[in-house]
Every structure is written in structure tokens, then in C-alpha cells.
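Below is protein.txt, holding compact mmCIF, C-alpha atoms.
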```txt
# COMPACT_ATOMS: atom_id res chain seq x y z
CA MET A 1 24.75 59.13 -61.40
CA MET A 2 21.13 58.87 -60.32
CA ASN A 3 20.96 55.26 -61.47
CA ALA A 4 24.08 54.39 -59.49
CA LEU A 5 22.62 56.01 -56.37
CA HIS A 6 19.34 54.18 -56.86
CA HIS A 7 21.14 50.83 -57.20
CA ALA A 8 23.18 51.60 -54.08
CA GLN A 9 20.00 52.32 -52.10
CA GLN A 10 18.40 49.06 -53.27
CA LEU A 11 21.54 47.13 -52.36
CA LEU A 12 21.57 48.73 -48.92
CA LEU A 13 17.90 47.84 -48.42
CA VAL A 14 18.55 44.21 -49.39
CA LEU A 15 21.49 44.04 -47.01
CA LEU A 16 19.39 45.47 -44.17
CA LEU A 17 16.65 42.88 -44.84
CA LEU A 18 19.18 40.06 -44.89
CA LEU A 19 20.73 41.33 -41.66
CA GLN A 20 17.29 41.51 -40.03
CA GLN A 21 16.46 37.95 -41.10
CA THR A 22 19.80 36.69 -39.84
CA THR A 23 19.26 38.39 -36.48
CA THR A 24 15.74 36.96 -36.22
CA LEU A 25 16.99 33.49 -37.11
CA THR A 26 19.76 33.76 -34.53
CA LEU A 27 17.32 34.88 -31.83
CA THR A 28 14.86 32.14 -32.77
CA ASN A 29 17.59 29.50 -32.60
CA THR A 30 18.61 30.86 -29.20
CA ILE A 31 15.05 30.60 -27.92
CA ILE A 32 14.70 27.07 -29.26
CA ARG A 33 17.91 26.01 -27.56
CA LYS A 34 16.73 27.43 -24.26
CA LYS A 35 13.48 25.45 -24.47
CA GLN A 36 15.30 22.17 -24.97
CA PRO A 37 15.66 20.14 -21.74
CA PRO A 38 19.17 19.83 -20.33
CA GLN A 39 21.04 16.69 -21.24
CA ILE A 40 21.59 13.84 -18.82
CA LYS A 41 24.55 14.73 -16.62
CA TRP A 42 24.78 11.66 -14.39
CA GLU A 43 24.37 7.93 -14.80
CA VAL A 44 23.59 5.96 -11.66
CA TYR A 45 23.98 2.19 -11.56
CA VAL A 46 22.59 0.19 -8.64
CA SER A 47 24.12 -3.24 -8.20
CA MET A 48 21.68 -6.13 -8.52
CA SER A 49 24.13 -8.83 -7.50
CA LYS A 50 22.79 -11.63 -5.32
CA GLN A 51 24.40 -10.17 -2.21
CA CYS A 52 23.13 -6.63 -2.89
CA LYS A 53 19.62 -7.93 -3.55
CA SER A 54 19.61 -9.65 -0.19
CA LEU A 55 20.57 -6.32 1.39
CA GLY A 56 17.73 -4.38 -0.24
CA SER A 57 19.14 -3.05 -3.49
CA ALA A 58 15.63 -3.08 -5.03
CA ALA A 59 14.54 -0.46 -2.50
CA THR A 60 17.74 1.50 -3.17
CA LEU A 61 16.98 1.51 -6.89
CA ALA A 62 13.42 2.68 -6.22
CA ALA A 63 14.70 5.47 -3.95
CA PHE A 64 17.07 6.76 -6.66
CA LEU A 65 14.25 6.66 -9.21
CA GLY A 66 11.92 8.48 -6.83
CA LEU A 67 14.35 11.22 -5.79
CA SER A 68 16.51 11.86 -8.88
CA PRO A 69 15.57 14.67 -11.31
CA PRO A 70 14.77 12.59 -14.43
CA ASP A 71 16.09 15.20 -16.87
CA MET A 72 19.52 15.15 -15.23
CA VAL A 73 20.04 11.65 -13.84
CA GLN A 74 19.61 8.29 -15.55
CA VAL A 75 19.10 5.45 -13.07
CA GLN A 76 19.28 1.78 -13.95
CA PRO A 77 20.04 -1.61 -12.39
CA ALA A 78 23.34 -3.26 -13.21
CA LYS A 79 25.86 -5.89 -12.18
CA PHE A 80 29.41 -4.74 -11.59
CA ASN A 81 32.43 -5.62 -9.50
CA VAL A 82 33.35 -3.37 -6.58
CA LYS A 83 37.00 -3.01 -5.73
CA SER A 84 36.46 -2.04 -2.11
CA LYS A 85 35.04 -4.45 0.44
CA THR A 86 32.20 -2.16 1.44
CA LYS A 87 28.91 -3.68 2.42
CA GLY A 88 26.12 -3.40 -0.14
CA PRO A 89 23.88 -2.24 -1.64
CA ASN A 90 26.55 -0.79 -3.92
CA VAL A 91 26.05 2.19 -6.22
CA ARG A 92 28.20 3.58 -9.03
CA CYS A 93 27.69 7.18 -10.20
CA LEU A 94 29.24 8.38 -13.48
CA GLU A 95 29.39 12.04 -14.51
CA ARG A 96 29.22 12.11 -18.29
CA THR A 97 31.12 15.32 -19.01
CA SER A 98 34.15 14.75 -16.77
CA GLY A 99 34.11 10.97 -16.61
CA VAL A 100 34.32 11.10 -12.79
CA VAL A 101 33.16 7.87 -11.15
CA ILE A 102 31.85 7.75 -7.57
CA GLU A 103 31.34 4.40 -5.87
CA VAL A 104 29.28 4.19 -2.70
CA GLY A 105 28.65 1.14 -0.52
CA GLY A 106 26.11 0.51 2.21
CA CYS A 107 23.49 2.62 0.43
CA ASP A 108 20.62 0.95 2.27
CA SER A 109 18.26 3.80 3.17
CA VAL A 110 16.44 6.74 1.60
CA GLU A 111 18.55 9.12 3.69
CA LYS A 112 21.75 7.69 2.22
CA VAL A 113 20.40 7.90 -1.31
CA TYR A 114 19.49 11.54 -0.68
CA ARG A 115 23.02 12.19 0.60
CA VAL A 116 24.59 10.63 -2.50
CA LEU A 117 22.46 12.82 -4.75
CA SER A 118 22.82 16.03 -2.77
CA VAL A 119 26.43 15.84 -1.53
CA HIS A 120 28.41 13.49 -3.75
CA MET A 121 26.63 14.44 -6.99
CA GLY A 122 25.97 18.07 -6.05
CA LEU A 123 22.27 18.06 -7.00
CA LYS A 124 20.78 19.33 -3.74
CA LYS A 125 19.03 22.34 -5.30
CA TYR A 126 17.21 20.02 -7.71
CA LEU A 127 15.88 17.67 -5.00
CA ASP A 128 12.57 17.80 -3.13
CA PRO A 129 13.04 17.29 0.64
CA ALA A 130 9.35 16.32 0.95
CA ALA A 131 9.95 13.45 -1.48
CA CYS A 132 12.83 12.21 0.67
CA GLU A 133 10.75 12.35 3.86
CA CYS A 134 7.80 10.67 2.17
CA LEU A 135 9.83 7.82 0.70
CA LYS A 136 11.64 7.31 4.00
CA TRP A 137 8.39 6.63 5.88
CA ASN A 138 6.93 4.69 2.97
CA TYR A 139 9.83 2.23 2.99
CA ARG A 140 9.70 1.92 6.78
CA GLY A 141 6.02 1.02 6.55
CA ASN A 142 6.81 -1.54 3.85
CA ALA A 143 9.54 -3.02 6.05
CA HIS A 144 7.08 -3.49 8.93
CA LEU A 145 4.59 -5.24 6.63
CA ASP A 146 7.37 -7.43 5.24
CA ASN A 147 8.18 -8.50 8.80
CA LEU A 148 4.75 -10.14 8.98
CA TYR A 149 5.87 -12.74 6.48
CA VAL A 150 9.22 -13.82 7.86
CA ASN A 151 10.22 -16.89 5.84
CA GLY A 152 6.69 -16.92 4.50
CA GLY A 153 7.39 -15.52 1.07
CA GLY A 154 4.52 -13.05 1.41
CA ASN A 155 2.03 -15.86 2.06
CA PRO A 156 -0.26 -14.93 5.00
CA ASN A 157 -0.72 -18.64 5.70
CA LYS A 158 3.00 -18.93 6.56
CA ILE A 159 3.29 -16.17 9.14
CA ASN A 160 5.81 -17.05 11.83
CA LEU A 161 5.39 -14.06 14.18
CA ASN A 162 3.47 -14.37 17.43
CA GLU A 163 0.31 -12.29 17.86
CA PRO A 164 1.71 -9.43 20.00
CA THR A 165 4.61 -8.95 17.58
CA ARG A 166 2.28 -9.05 14.57
CA SER A 167 -0.01 -6.46 16.12
CA THR A 168 2.97 -4.21 16.86
CA GLU A 169 4.32 -4.49 13.31
CA ILE A 170 0.91 -3.65 11.82
CA THR A 171 0.55 -0.61 14.08
CA LYS A 172 4.05 0.61 13.18
CA ALA A 173 3.30 0.17 9.48
CA ILE A 174 0.12 2.24 9.72
CA ARG A 175 1.90 4.99 11.65
CA ALA A 176 4.70 5.08 9.07
CA TYR A 177 2.23 5.43 6.20
CA ASN A 178 0.41 8.17 8.12
CA LYS A 179 3.67 10.12 8.40
CA ALA A 180 4.43 9.57 4.73
CA LEU A 181 1.01 10.91 3.74
CA ALA A 182 1.44 13.87 6.11
CA THR A 183 4.37 15.11 4.00
CA GLY A 184 1.88 16.08 1.29
CA TYR A 185 4.03 14.59 -1.48
CA LYS A 186 1.30 13.95 -4.07
CA PRO A 187 3.18 11.64 -6.51
CA GLN A 188 3.24 8.92 -3.83
CA GLU A 189 -0.27 9.40 -2.42
CA GLY A 190 -1.95 6.61 -4.38
CA VAL A 191 0.74 4.04 -3.57
CA LEU A 192 0.70 5.03 0.11
CA LEU A 193 -3.07 4.62 0.33
CA VAL A 194 -2.86 1.13 -1.19
CA MET A 195 -0.19 0.12 1.31
CA ARG A 196 -2.05 1.60 4.28
CA ALA A 197 -5.18 -0.25 3.14
CA THR A 198 -3.11 -3.44 3.13
CA ALA A 199 -2.01 -2.76 6.70
CA TYR A 200 -5.58 -2.09 7.84
CA LEU A 201 -6.71 -5.33 6.22
CA GLN A 202 -4.05 -7.18 8.18
CA ARG A 203 -5.33 -5.53 11.34
CA ALA A 204 -8.87 -6.60 10.45
CA PHE A 205 -7.71 -10.20 9.99
CA GLU A 206 -6.18 -10.09 13.48
CA HIS A 207 -9.51 -8.93 14.94
CA ARG A 208 -11.38 -11.63 13.02
CA LYS A 209 -9.10 -14.26 14.48
CA LYS A 210 -9.91 -12.96 17.98
CA LEU A 211 -13.60 -13.02 17.08
CA LYS A 212 -13.41 -16.71 16.29
CA GLU A 213 -11.65 -17.41 19.59
CA ILE A 214 -14.35 -15.56 21.55
CA VAL A 215 -17.12 -17.42 19.76
CA ALA A 216 -15.39 -20.75 20.43
CA SER A 217 -15.17 -19.99 24.16
CA LEU A 218 -18.79 -18.81 24.15
CA VAL A 219 -20.00 -22.02 22.54
CA GLN A 220 -18.12 -24.08 25.12
CA SER A 221 -19.60 -22.08 28.00
CA VAL A 222 -23.22 -22.44 26.89
CA PRO A 223 -24.69 -25.72 28.22
CA ASP A 224 -26.75 -27.80 25.86
CA PRO A 225 -30.52 -28.15 26.46
CA VAL A 226 -30.16 -31.65 27.92
CA THR A 227 -27.74 -30.39 30.57
CA ILE A 228 -29.98 -27.45 31.46
CA GLN A 229 -32.99 -29.74 31.79
CA ALA A 230 -31.00 -32.08 34.03
CA MET A 231 -30.01 -29.17 36.31
CA TYR A 232 -33.63 -28.05 36.66
CA ASP A 233 -34.68 -31.65 37.37
CA VAL A 234 -32.12 -31.80 40.19
CA ALA A 235 -33.45 -28.52 41.62
CA TYR A 236 -37.03 -29.76 41.38
CA GLN A 237 -36.32 -33.14 42.98
CA ASN A 238 -33.98 -31.70 45.63
CA PRO A 239 -35.37 -28.37 46.85
CA TRP A 240 -32.45 -27.96 49.24
CA ALA A 241 -30.10 -27.78 46.20
CA ALA A 242 -32.31 -25.45 44.16
CA ASN A 243 -30.63 -22.26 45.39
CA ALA A 244 -27.15 -23.53 44.44
CA VAL A 245 -28.39 -24.65 41.01
CA PHE A 246 -30.00 -21.27 40.30
CA GLU A 247 -26.87 -19.43 41.45
CA ARG A 248 -24.82 -21.55 39.05
CA VAL A 249 -27.19 -20.76 36.18
CA ARG A 250 -27.06 -17.05 37.00
CA ALA A 251 -23.24 -17.03 37.20
CA ASP A 252 -22.99 -18.83 33.86
CA ALA A 253 -25.39 -16.35 32.28
CA LYS A 254 -23.30 -13.46 33.63
CA ALA A 255 -20.11 -14.93 32.18
CA GLN A 256 -21.83 -15.50 28.84
CA ASP A 257 -23.05 -11.91 28.81
CA ALA A 258 -19.48 -10.69 29.34
CA ARG A 259 -18.33 -12.81 26.40
CA PHE A 260 -21.12 -11.39 24.25
CA ARG A 261 -19.97 -7.87 25.07
CA ARG A 262 -16.39 -8.80 24.18
CA LEU A 263 -17.67 -10.28 20.94
CA LYS A 264 -19.52 -7.09 20.06
CA PHE A 265 -16.52 -4.90 20.94
CA ARG A 266 -14.11 -7.00 18.87
CA HIS A 267 -16.50 -7.02 15.94
CA GLY A 268 -16.62 -3.21 16.10
CA LEU A 269 -12.82 -3.08 15.89
CA TYR A 270 -12.91 -5.48 12.97
CA GLU A 271 -15.36 -3.35 11.00
CA TYR A 272 -13.51 -0.13 11.91
CA ALA A 273 -10.30 -1.50 10.38
CA LEU A 274 -12.18 -2.66 7.29
CA LEU A 275 -13.80 0.74 6.77
CA HIS A 276 -10.34 2.35 6.87
CA ALA A 277 -9.05 -0.18 4.34
CA ALA A 278 -12.03 0.39 2.05
CA SER A 279 -11.72 4.19 2.24
CA ASP A 280 -8.01 4.12 1.38
CA SER A 281 -8.27 1.58 -1.42
CA LEU A 282 -11.29 3.25 -3.06
CA ARG A 283 -9.47 6.58 -3.07
CA ALA A 284 -6.42 4.85 -4.55
CA THR A 285 -8.48 3.60 -7.50
CA GLN A 286 -9.18 7.24 -8.36
CA LEU A 287 -5.52 8.25 -8.09
CA LEU A 288 -4.09 5.17 -9.84
CA PRO A 289 -6.87 3.91 -12.12
CA GLN A 290 -4.47 1.87 -14.29
CA PHE A 291 -2.84 0.08 -11.34
CA ALA A 292 -4.45 -3.36 -10.87
CA LYS A 293 -3.43 -3.62 -7.22
CA THR A 294 -5.63 -0.67 -6.23
CA TRP A 295 -8.73 -2.40 -7.63
CA LEU A 296 -7.65 -5.71 -6.11
CA ARG A 297 -7.24 -4.18 -2.66
CA ALA A 298 -10.58 -2.37 -2.96
CA GLY A 299 -12.21 -5.68 -3.88
CA ASP A 300 -10.63 -7.34 -0.83
CA SER A 301 -11.92 -4.61 1.49
CA LEU A 302 -15.44 -4.62 0.08
CA ALA A 303 -15.60 -8.43 0.18
CA GLU A 304 -14.71 -8.41 3.88
CA LEU A 305 -17.44 -5.80 4.44
CA ARG A 306 -19.89 -8.19 2.71
CA LYS A 307 -20.41 -5.76 -0.16
CA LEU A 308 -20.27 -8.77 -2.43
CA LYS A 309 -21.72 -7.32 -5.64
CA GLU A 310 -19.46 -4.26 -5.44
CA SER A 311 -16.37 -6.31 -4.60
CA THR A 312 -17.00 -8.53 -7.63
CA GLN A 313 -17.02 -5.44 -9.86
CA TYR A 314 -13.69 -4.27 -8.46
CA TYR A 315 -12.15 -7.72 -8.86
CA GLU A 316 -13.30 -7.83 -12.47
CA LYS A 317 -11.65 -4.46 -13.11
CA ALA A 318 -8.41 -5.71 -11.55
CA LEU A 319 -8.61 -8.79 -13.78
CA GLU A 320 -9.13 -6.58 -16.82
CA LEU A 321 -5.97 -4.61 -15.99
CA ASP A 322 -3.90 -7.68 -15.11
CA PRO A 323 -5.04 -10.94 -16.75
CA GLN A 324 -2.40 -12.83 -14.76
CA LEU A 325 -4.72 -12.52 -11.74
CA GLU A 326 -7.20 -14.87 -13.40
CA GLU A 327 -6.07 -18.00 -11.57
CA THR A 328 -6.55 -16.28 -8.20
CA LEU A 329 -9.58 -14.11 -8.83
CA LEU A 330 -11.94 -16.33 -10.84
CA PRO A 331 -12.49 -18.79 -7.93
CA THR A 332 -12.88 -15.81 -5.58
CA ILE A 333 -15.49 -14.19 -7.81
CA ASP A 334 -17.37 -17.50 -8.08
CA ARG A 335 -17.36 -17.87 -4.28
CA LEU A 336 -18.64 -14.32 -3.80
CA GLN A 337 -21.51 -14.91 -6.22
CA LYS A 338 -22.54 -18.04 -4.31
CA SER A 339 -22.33 -16.14 -1.01
CA GLN A 340 -24.53 -13.41 -2.46
CA LYS A 341 -27.21 -15.98 -3.33
CA PHE A 342 -27.05 -17.31 0.25
CA LEU A 343 -27.43 -13.79 1.66
CA ASP A 344 -30.40 -13.05 -0.56
CA LYS A 345 -32.09 -16.27 0.56
CA ALA A 346 -31.35 -15.60 4.24
CA ARG A 347 -32.80 -12.10 4.02
CA ALA A 348 -35.90 -13.48 2.33
CA ASN A 349 -36.31 -15.87 5.30
CA GLY A 350 -36.27 -12.97 7.76
CA TRP A 351 -32.69 -12.95 9.03
CA SER A 352 -31.63 -9.52 10.32
CA GLU A 353 -28.70 -7.68 8.74
CA ASP A 354 -26.78 -7.54 12.05
CA THR A 355 -27.14 -11.30 12.61
CA LEU A 356 -26.05 -12.07 9.07
CA ARG A 357 -23.07 -9.72 9.22
CA VAL A 358 -21.70 -11.05 12.52
CA ALA A 359 -22.27 -14.68 11.50
CA LEU A 360 -20.45 -14.23 8.19
CA ASP A 361 -17.63 -12.21 9.73
CA VAL A 362 -16.98 -14.88 12.35
CA ALA A 363 -17.18 -17.64 9.75
CA GLY A 364 -14.67 -15.73 7.57
```
Structure translated into C-alpha cells:
Amino acid sequence: MMNALHHAQQLLLVLLLLLQQTTTLTLTNTIIRKKQPPQIKWEVYVSMSKQCKSLGSAATLAAFLGLSPPDMVQVQPAKFNVKSKTKGPNVRCLERTSGVVIEVGGCDSVEKVYRVLSVHMGLKKYLDPAACECLKWNYRGNAHLDNLYVNGGGNPNKINLNEPTRSTEITKAIRAYNKALATGYKPQEGVLLVMRATAYLQRAFEHRKKLKEIVASLVQSVPDPVTIQAMYDVAYQNPWAANAVFERVRADAKAQDARFRRLKFRHGLYEYALLHAASDSLRATQLLPQFAKTWLRAGDSLAELRKLKESTQYYEKALELDPQLEETLLPTIDRLQKSQKFLDKARANGWSEDTLRVALDVAG
């Protein structure tokens, strides 16, 4: 009797231990399942047909990638036929669980991408409005910079816009990037700084072009020594004409002084734009240290500021990250090293820093 009771107690104890282990295992499995990320719910395909590309489907794809929650939406480029005759860029959204397909045409802005995600796909609570606002202004800034190279393929030597229009586009680009940065959306900060640095460099190039024009007019207005001597000879030989000659010399000197002041003012604007470009691009190298373009843009800015040794270092880093830049950068680095030797020699011969800087900036 006692043995039977003892066996019953042991059996009950074993059962309780097994039950406890089963409960613990069940709870552990539940916790593990909760920690697993949710499965992809939507697939988004952005058409990369020739027509859609011409309408900006690349920007549409980038907007979906930038706004979509990556653990819920899979975004990828594709080529597909659209039944409706809607204007591109075209987008196809597939819900995995239900098989529902949503086709949207004319998806050519960040706002429209946000609407597709929030309204059509019902993901509004997973979206960041600051990201939408940031990307909107980022793409507008990019569009203004792209306008500088109409039919130029991005080559600054093939710019077709007139100067007032170019200046306006550059200003609009900078303002757009300022608004994008003001949103405080950190994931895009590095890219925005690189793009704003690019815009400021373009502004600096505009000022440098004006500098050259002012110098050209100044050179034409300054008489050569032979002409000056001839004027003084006339005044000496014809005292009655001396007053008129001296008035002419004084008027010319006054006009030249005005041109010198314009030259100094324009050079200040040129350096101001370059300092902005350098500040943005140097900060971008800290935020995106593995992105070759940040180092390239920093090198460009420092080279324009005649920081030749530093710019060479940044170019070399860009080359290290992207060896495909070799064809472009190696001749540039060689030229900078030769310019540095010239600067060192000029300083040794007593040339002032201000004279050297203005002379090199005007020469380009």
C-alpha cells in the first residue's frame, strides 16, 4: 500500500515536471516568435520601360525605397505591360496574402509615392512624414541642378542655359536642399550635404566667370606705358591741352578703381560660395565615409580654395573607394602637384598670399 502510494507520488512529480517544461517551452517559443520580424506583406514593382525612364521612374523607385518600411515592403525595378493608357511612371503593388494587385500610373513625385503607400496600401502608420518632406525637397533640388545641363548629359562644358536662368536654377537648388535639411531627417543628411556642396560649387563657377570678364574689361581699360607717355608728351608740348589730358587720365583712373572694387566684391562672393561647398562636403565625408562622391566633392572644393595638398589627399581617398575615377583624377592630381610647386616658388620670391589667390582664381 505504502509502495503504491510512493510510486503514485513519484509519477505525479514527474508529470508536474514535464508539464512545467512544456509550459516553459511553449512560452519560450511564443517569445521567439514575437521577436521575429514580420514577413514582407507587399511587393512593389516600378516600371523601367523606356517611356517610364524618360518620365523619371528612377526617382520614383528611389522614393519608394526611401519611404517604404523595409520589413514590410519589397521594392524592385521591373518591366511589365500596363493595360490602362495611364501616363508613366507606372507602379504595380502586389499584396502577398490576398493576391490583390494595385496598378498606379503617373507616379512622378514623392507626394504621389507617399499617397500610394499610405492610402492604397494602407501603411500610413508605418511611414515617416519627415522622410516624405525631406525627399520631396531633395528631388526638387536635384531637378534644378539637372536643368543646368539641358541636353548636356551632365557635362558642364555643354550647358545651354543663359546666365540669368542658370543663376536662378542654382539658387532654387540651394533653397530646396536647405528645406530638405531643415526637416531633420538624418538618414538623408549626408547625401543632401553633398548635393548642396555641388550647387555651391556651381555658384562659385558662375562668380569665377564674372571675375574673368571684369579682369578682361580692366585690362582693356588700362593704357599701355607707350600710350601714357605719348599723352604726357602732348601735355608737355601743348600746355593749353594739359588740363584736358590730365582730366582724361583722372577719369580713366576713376573708372579703373571702380572695376577694381567690382573685382574684389566678385572675388568675395566666389570665395564665400567655395567655403560653403567645402563645409558641406567635408561634413559629408564624416557622415558617408564609404561614399566616393563625398571625398571627390571635398577635393573639388579644396582645390578651388587653393588648398592643393589637402585636395590631393581627398582625391586619393575618392580614388581608393572608386578605382573607376582613375582616368579622371590622376591627371587632376598631377596638375595640382605642379600648381603646388609653382605656389611654393612664388611665395619664396615674395608674392603675397592675396595676390597669388586672386591671380589663380581668375586664371581658373
* Ref. answer, residues at most 12 Å from (-12.7, 4.5, 1.0) with only C-alpha atoms, as a PyMOL selection string -> chain A and resi 193-194+196-197+200+272-286+294-295+297-299+301-302+305
* d(CA of Leu201 (chain A), CA of Thr332 (chain A)) in Å ->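 A separation of 16.9 Å between them.
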* Could you check how far CA of Ala78 (chain A) sits from CA of Gly66 (chain A), in Å to one decimal? => 17.6 Å
Kindly list the centre and edge lengths in Å, rounded to one decimal, for the axis-aligned box that covers all listed atoms of region 250-265 of chain A plus 4 Å on each of its six sides, as AutoDock Vina command-line options.
```
--center_x -21.7 --center_y -11.9 --center_z 28.6 --size_x 18.7 --size_y 21.9 --size_z 25.1
```
* To do: Enter the distance from CA of Lys210 (chain A) to CA of Leu263 (chain A), in Å, rounded to one decimal.
  =>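 So the two atoms, CA of Lys210 (chain A) and CA of Leu263 (chain A), lie 8.7 Å apart.
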What would the list of residues within 10 Å of (18.4, 16.8, -9.5) (file frame) look like as an mmCIF file with C-alpha atoms, in the frame of the given file, if all atoms listed in the file are what count?
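What follows is the written file point09.cif:
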```
data_model
loop_
_atom_site.group_PDB
_atom_site.id
_atom_site.type_symbol
_atom_site.label_atom_id
_atom_site.label_comp_id
_atom_site.auth_asym_id
_atom_site.auth_seq_id
_atom_site.Cartn_x
_atom_site.Cartn_y
_atom_site.Cartn_z
ATOM 1 C CA LYS A 41 24.550 14.730 -16.620
ATOM 2 C CA TRP A 42 24.780 11.660 -14.390
ATOM 3 C CA LEU A 67 14.350 11.220 -5.790
ATOM 4 C CA SER A 68 16.510 11.860 -8.880
ATOM 5 C CA PRO A 69 15.570 14.670 -11.310
ATOM 6 C CA PRO A 70 14.770 12.590 -14.430
ATOM 7 C CA ASP A 71 16.090 15.200 -16.870
ATOM 8 C CA MET A 72 19.520 15.150 -15.230
ATOM 9 C CA VAL A 73 20.040 11.650 -13.840
ATOM 10 C CA LEU A 117 22.460 12.820 -4.750
ATOM 11 C CA SER A 118 22.820 16.030 -2.770
ATOM 12 C CA MET A 121 26.630 14.440 -6.990
ATOM 13 C CA GLY A 122 25.970 18.070 -6.050
ATOM 14 C CA LEU A 123 22.270 18.060 -7.000
ATOM 15 C CA LYS A 124 20.780 19.330 -3.740
ATOM 16 C CA LYS A 125 19.030 22.340 -5.300
ATOM 17 C CA TYR A 126 17.210 20.020 -7.710
ATOM 18 C CA LEU A 127 15.880 17.670 -5.000
ATOM 19 C CA ASP A 128 12.570 17.800 -3.130
#
```
Could you complete region 36-64 of chain A so that it carries N, CA and C atoms, and give it back as a compact mmCIF listing (two decimals), in the frame of the given file?
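Contents of out-v3.txt, freshly written:
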```
# COMPACT_ATOMS: atom_id res chain seq x y z
N GLN A 36 14.91 23.57 -24.99
CA GLN A 36 15.30 22.17 -24.97
C GLN A 36 15.73 21.76 -23.56
N PRO A 37 15.29 20.58 -23.09
CA PRO A 37 15.66 20.14 -21.74
C PRO A 37 17.16 19.87 -21.66
N PRO A 38 17.73 20.09 -20.48
CA PRO A 38 19.17 19.83 -20.33
C PRO A 38 19.47 18.35 -20.53
N GLN A 39 20.65 18.07 -20.99
CA GLN A 39 21.04 16.69 -21.24
C GLN A 39 21.34 15.98 -19.93
N ILE A 40 21.27 14.66 -19.99
CA ILE A 40 21.59 13.84 -18.82
C ILE A 40 23.04 14.12 -18.40
N LYS A 41 23.21 14.43 -17.12
CA LYS A 41 24.55 14.73 -16.62
C LYS A 41 25.17 13.56 -15.86
N TRP A 42 24.29 12.75 -15.22
CA TRP A 42 24.78 11.66 -14.39
C TRP A 42 24.13 10.35 -14.79
N GLU A 43 24.89 9.29 -14.68
CA GLU A 43 24.37 7.93 -14.80
C GLU A 43 24.58 7.23 -13.47
N VAL A 44 23.52 6.66 -12.94
CA VAL A 44 23.59 5.96 -11.66
C VAL A 44 23.27 4.49 -11.88
N TYR A 45 24.17 3.63 -11.43
CA TYR A 45 23.98 2.19 -11.56
C TYR A 45 23.88 1.58 -10.16
N VAL A 46 22.80 0.86 -9.93
CA VAL A 46 22.59 0.19 -8.64
C VAL A 46 22.83 -1.30 -8.83
N SER A 47 23.74 -1.84 -8.04
CA SER A 47 24.12 -3.24 -8.20
C SER A 47 22.96 -4.17 -7.85
N MET A 48 22.71 -5.13 -8.73
CA MET A 48 21.68 -6.13 -8.52
C MET A 48 22.30 -7.52 -8.34
N SER A 49 23.50 -7.54 -7.78
CA SER A 49 24.13 -8.83 -7.50
C SER A 49 23.32 -9.56 -6.42
N LYS A 50 23.54 -10.82 -6.28
CA LYS A 50 22.79 -11.63 -5.32
C LYS A 50 22.93 -11.08 -3.90
N GLN A 51 24.17 -10.70 -3.55
CA GLN A 51 24.40 -10.17 -2.21
C GLN A 51 23.68 -8.84 -2.01
N CYS A 52 23.77 -7.95 -3.01
CA CYS A 52 23.13 -6.63 -2.89
C CYS A 52 21.61 -6.76 -2.84
N LYS A 53 21.06 -7.71 -3.59
CA LYS A 53 19.62 -7.93 -3.55
C LYS A 53 19.16 -8.34 -2.16
N SER A 54 19.96 -9.20 -1.54
CA SER A 54 19.61 -9.65 -0.19
C SER A 54 19.68 -8.52 0.83
N LEU A 55 20.42 -7.46 0.48
CA LEU A 55 20.57 -6.32 1.39
C LEU A 55 19.63 -5.17 1.04
N GLY A 56 18.75 -5.39 0.07
CA GLY A 56 17.73 -4.38 -0.24
C GLY A 56 18.05 -3.46 -1.38
N SER A 57 18.78 -3.94 -2.38
CA SER A 57 19.14 -3.05 -3.49
C SER A 57 17.91 -2.64 -4.32
N ALA A 58 16.85 -3.45 -4.29
CA ALA A 58 15.63 -3.08 -5.03
C ALA A 58 15.04 -1.79 -4.46
N ALA A 59 15.03 -1.68 -3.13
CA ALA A 59 14.54 -0.46 -2.50
C ALA A 59 15.46 0.71 -2.78
N THR A 60 16.78 0.45 -2.84
CA THR A 60 17.74 1.50 -3.17
C THR A 60 17.50 2.03 -4.58
N LEU A 61 17.28 1.12 -5.51
CA LEU A 61 16.98 1.51 -6.89
C LEU A 61 15.71 2.36 -6.95
N ALA A 62 14.68 1.94 -6.23
CA ALA A 62 13.42 2.68 -6.22
C ALA A 62 13.61 4.07 -5.61
N ALA A 63 14.45 4.17 -4.58
CA ALA A 63 14.70 5.47 -3.95
C ALA A 63 15.41 6.41 -4.92
N PHE A 64 16.39 5.92 -5.66
CA PHE A 64 17.07 6.76 -6.66
C PHE A 64 16.09 7.21 -7.74
```
